[in-house]
Amino acid sequence: METDLEKMDSVSVSTIQDSIYRHAKYSLGKPWHDLSPVELFTTVALSVRDQMVDRFLETQERYRQKDPKRLYYLSIEFLIGQSLRSNLYNLGMRELYQQALRNLGADLSAIEESEADAALGNGGLGRLAACFLDSLATLGMPGYGYGINYEYGLFKQEINNGYQQEKPDNWLAQGTPWQIAHPDEACMVPVYGRIEHDVDRKGAYNPMWMDWKVLIGVPCDMLVPGYGGHTVNFLRLYSARSSRDFDMQIFNDGDYFKAVEQKIASETVSKVLYPSDALVAGQELRLVQEYFLVSCAVRDIVRRFEQTHESFRDFPAKVAIQLNDTH
């Protein structure tokens with residue numbers, strides 16, 4: 001019987017053309033000839049993502065059967081750059097897509113160049129993290145990344161009268177076809193509050209955590225194919241959301257601005273990569289970002305472990321957590 005990987009390796013130019021047409025029609029709701037440059041990229045990327053999902057599911061099943069030790073790599077940034085070209089290269093399908101798009105009257109190179117960089121990192125540390133994930137997948141190892149899904153990442157640089165001017169890069173303004181949302185796997189992250197020192201009924205010391213706030217970490221995954229396409233792992237990115245849209249009682253009392261204040265403050269956590277630490281507020285935000293990332297990652301790692309293991313005695317033998325530098 002033909003395996004899933006053998007079926008995937010037998011993909012033809014005609015099936016790729018059909019996949020691209022299908023996404024134009026059913027994912028974007030437009031005929032092929034009406035697509036804008038952004039929509040053209042999205043359609044092709046969604047088609048490529050289909051290929052990665054097939055390999056990802058096969059990879060996950062292989063891991064499930066062998067139950068290997070898994071590596072979880074935490075980094076405050078991942079400098080991924082453009083994904084279409086590298087994904088096609090790693091899957092060994094660039095020539096197939098190039099021919100399919102040529103048949104459709106489009107140029108793959110132009111489509112690749114139109115992709116916006118994933119603004120999730122801004123330096124060598126972030127590039128190193130992205131390369132680690134690529135290498136782990138290429139080696140067929142169960143290695144996963146955890147990061148923050150920044151809305152505003154790398155700043156846009158403009159030079160005005162010889163001085164650098166920084167402008168926000170809202171790279172998610174038009175969405176990205178590479179991210180797969182998993183709101184059902186969101187987790188709660190309590191922050192702030194105070195410790196109230198007290199004793200229980202028996203007189204034993206019993207400190208209580210009071211007046212804490214709750215952030216919701218909502219994950220989405222970006223698939224990471226290794227060279228050859230045999231192994232596809234993932235980078236899980238978390239967006240911060242408020243635990244409730246706003247306090248209805250405050251809203252009904254007429255204080256509309258205060259009603260949404262908590263929501264805005266909560267979602268600030270995943271707004272900007274490396275907020276300025278020149279002020280105390282910026283230093284505090286960086287600390288909350290780090291705590292938010294670690295908390296979400298550890299909760300998710302434990303959840304995954306508990307799905308297939310009954311005792312935590314095996315935890316050190318099945319889980320390794322690596323922090324990217326001191327960030």
# chains A, B, ... in the order shown; residues from 1 in each chain; ligands from 1

call {"tool": "select_by_dssp", "arguments": {"residues": "region 195-312 of chain A", "states": "strand (DSSP E)", "output": "MDAnalysis selection string"}}
result
chainID A and resid 195:196 208:210 213:225 232:242

call {"tool": "closest_atom_pairs", "arguments": {"of": "region 198-303 of chain A", "to": "region 85-100 of chain A", "cutoff": "12 Å", "atoms": "only C-alpha atoms", "output": "CSV"}}
result
residue,atom,partner,partner_atom,distance
A:Met222,CA,A:Asn87,CA,11.2
A:Leu223,CA,A:Asn87,CA,9.2
A:Val224,CA,A:Asn87,CA,7.9
A:Pro225,CA,A:Asn90,CA,6.3
A:Gly226,CA,A:Asn90,CA,5.9
A:Tyr227,CA,A:Asn90,CA,4.1
A:Gly228,CA,A:Asn90,CA,5.5
A:Gly229,CA,A:Leu91,CA,4.4
A:His230,CA,A:Leu91,CA,8.1
A:Thr231,CA,A:Leu91,CA,9.7
A:Val232,CA,A:Leu91,CA,9.6

call {"tool": "residues_around", "arguments": {"residues": "region 192-194 of chain A", "least_positions_apart": "5", "cutoff": "8 Å", "atoms": "only C-alpha atoms", "output": "PDB file with C-alpha atoms, in the first residue's frame"}}
result
ATOM      1  CA  TRP A 209      -1.990  35.640  46.142  1.00  0.00           C
ATOM      2  CA  MET A 210      -4.527  38.456  45.918  1.00  0.00           C
ATOM      3  CA  ASP A 211      -5.750  40.980  43.304  1.00  0.00           C
ATOM      4  CA  TRP A 212      -3.981  39.299  40.389  1.00  0.00           C
ATOM      5  CA  LYS A 213      -4.853  39.871  36.763  1.00  0.00           C
TER       6      LYS A 213
END

call {"tool": "residues_around", "arguments": {"residues": "region 15-27 of chain A", "least_positions_apart": "6", "cutoff": "12 Å", "atoms": "only C-alpha atoms", "output": "PyMOL selection string"}}
result
chain A and resi 7-9+33-36+38-51+93-106+177

call {"tool": "write_last_selection", "arguments": {"atoms": "C-alpha atoms", "output": "short mmCIF file (atom, residue, chain, number, x, y, z; two decimals), in the first residue's frame"}}
result
data_model
loop_
_atom_site.label_atom_id
_atom_site.label_comp_id
_atom_site.auth_asym_id
_atom_site.auth_seq_id
_atom_site.Cartn_x
_atom_site.Cartn_y
_atom_site.Cartn_z
CA LYS A 7 1.67 10.01 -2.20
CA MET A 8 3.11 13.42 -1.34
CA ASP A 9 6.27 12.74 -3.35
CA HIS A 33 -7.55 36.45 -12.85
CA ASP A 34 -8.92 38.89 -10.23
CA LEU A 35 -6.26 38.30 -7.58
CA SER A 36 -4.16 41.21 -6.34
CA VAL A 38 -1.02 40.08 -2.04
CA GLU A 39 -3.83 37.64 -2.77
CA LEU A 40 -1.69 35.86 -5.35
CA PHE A 41 1.01 35.29 -2.73
CA THR A 42 -1.58 34.14 -0.18
CA THR A 43 -3.07 31.63 -2.61
CA VAL A 44 0.31 30.10 -3.44
CA ALA A 45 1.36 30.07 0.22
CA LEU A 46 -1.83 28.28 1.26
CA SER A 47 -1.19 25.65 -1.39
CA VAL A 48 2.35 25.15 -0.06
CA ARG A 49 1.02 25.03 3.48
CA ASP A 50 -1.22 22.11 2.47
CA GLN A 51 1.88 20.20 1.44
CA MET A 93 9.03 21.47 -4.79
CA ARG A 94 10.21 24.82 -6.13
CA GLU A 95 10.56 23.66 -9.72
CA LEU A 96 7.09 22.08 -9.64
CA TYR A 97 5.51 25.31 -8.38
CA GLN A 98 7.55 27.37 -10.79
CA GLN A 99 6.21 25.36 -13.73
CA ALA A 100 2.65 25.33 -12.39
CA LEU A 101 2.62 29.09 -11.99
CA ARG A 102 4.23 29.58 -15.38
CA ASN A 103 1.34 27.59 -16.85
CA LEU A 104 -1.02 29.94 -15.05
CA GLY A 105 0.76 33.04 -16.36
CA ALA A 106 2.48 33.99 -13.10
CA PRO A 177 -1.16 32.38 5.47
#

call {"tool": "select_by_dssp", "arguments": {"residues": "region 27-198 of chain A", "states": "alpha helix (DSSP H)", "output": "number ranges by chain"}}
result
A: 37-66, 84-91, 94-103, 108-113, 124-138

call {"tool": "closest_atom_pairs", "arguments": {"of": "region 202-222 of chain A", "to": "region 286-303 of chain A", "cutoff": "10 Å", "atoms": "only C-alpha atoms", "output": "JSON lines"}}
result
{"residue": "A:Leu215", "atom": "CA", "partner": "A:Phe292", "partner_atom": "CA", "distance": 8.1}
{"residue": "A:Ile216", "atom": "CA", "partner": "A:Cys296", "partner_atom": "CA", "distance": 9.0}
{"residue": "A:Gly217", "atom": "CA", "partner": "A:Cys296", "partner_atom": "CA", "distance": 6.4}
{"residue": "A:Val218", "atom": "CA", "partner": "A:Cys296", "partner_atom": "CA", "distance": 8.9}
{"residue": "A:Pro219", "atom": "CA", "partner": "A:Cys296", "partner_atom": "CA", "distance": 8.8}

call {"tool": "residues_around", "arguments": {"residues": "Arg236 (chain A)", "least_positions_apart": "4", "cutoff": "7 Å", "atoms": "only C-alpha atoms", "output": "number ranges by chain"}}
result
A: 145-147, 219-222

call {"tool": "closest_residue", "arguments": {"among": "A:Trp178, A:Asn170, A:Arg64, A:Ile111", "to": "His309 (chain A)", "atoms": "only C-alpha atoms"}}
result
A:Arg64

call {"tool": "closest_atom_pairs", "arguments": {"of": "region 261-311 of chain A", "to": "region 151-167 of chain A", "cutoff": "7 Å", "atoms": "only C-alpha atoms", "output": "CSV"}}
result
residue,atom,partner,partner_atom,distance
A:Ser270,CA,A:Glu151,CA,6.6
A:Lys271,CA,A:Glu151,CA,4.9
A:Val272,CA,A:Tyr152,CA,4.8
A:Leu273,CA,A:Gly153,CA,4.9

call {"tool": "closest_residue", "arguments": {"among": "A:Val214, A:Val53, A:Ala204, A:Ala119", "to": "Tyr274 (chain A)", "atoms": "only C-alpha atoms"}}
result
A:Ala119

call {"tool": "atom_distance", "arguments": {"atom1": "CA of Ala278 (chain A)", "atom2": "CA of Pro168 (chain A)"}}
result
17.9 Å

call {"tool": "atom_distance", "arguments": {"atom1": "CA of Gly175 (chain A)", "atom2": "CA of Tyr150 (chain A)"}}
result
12.4 Å
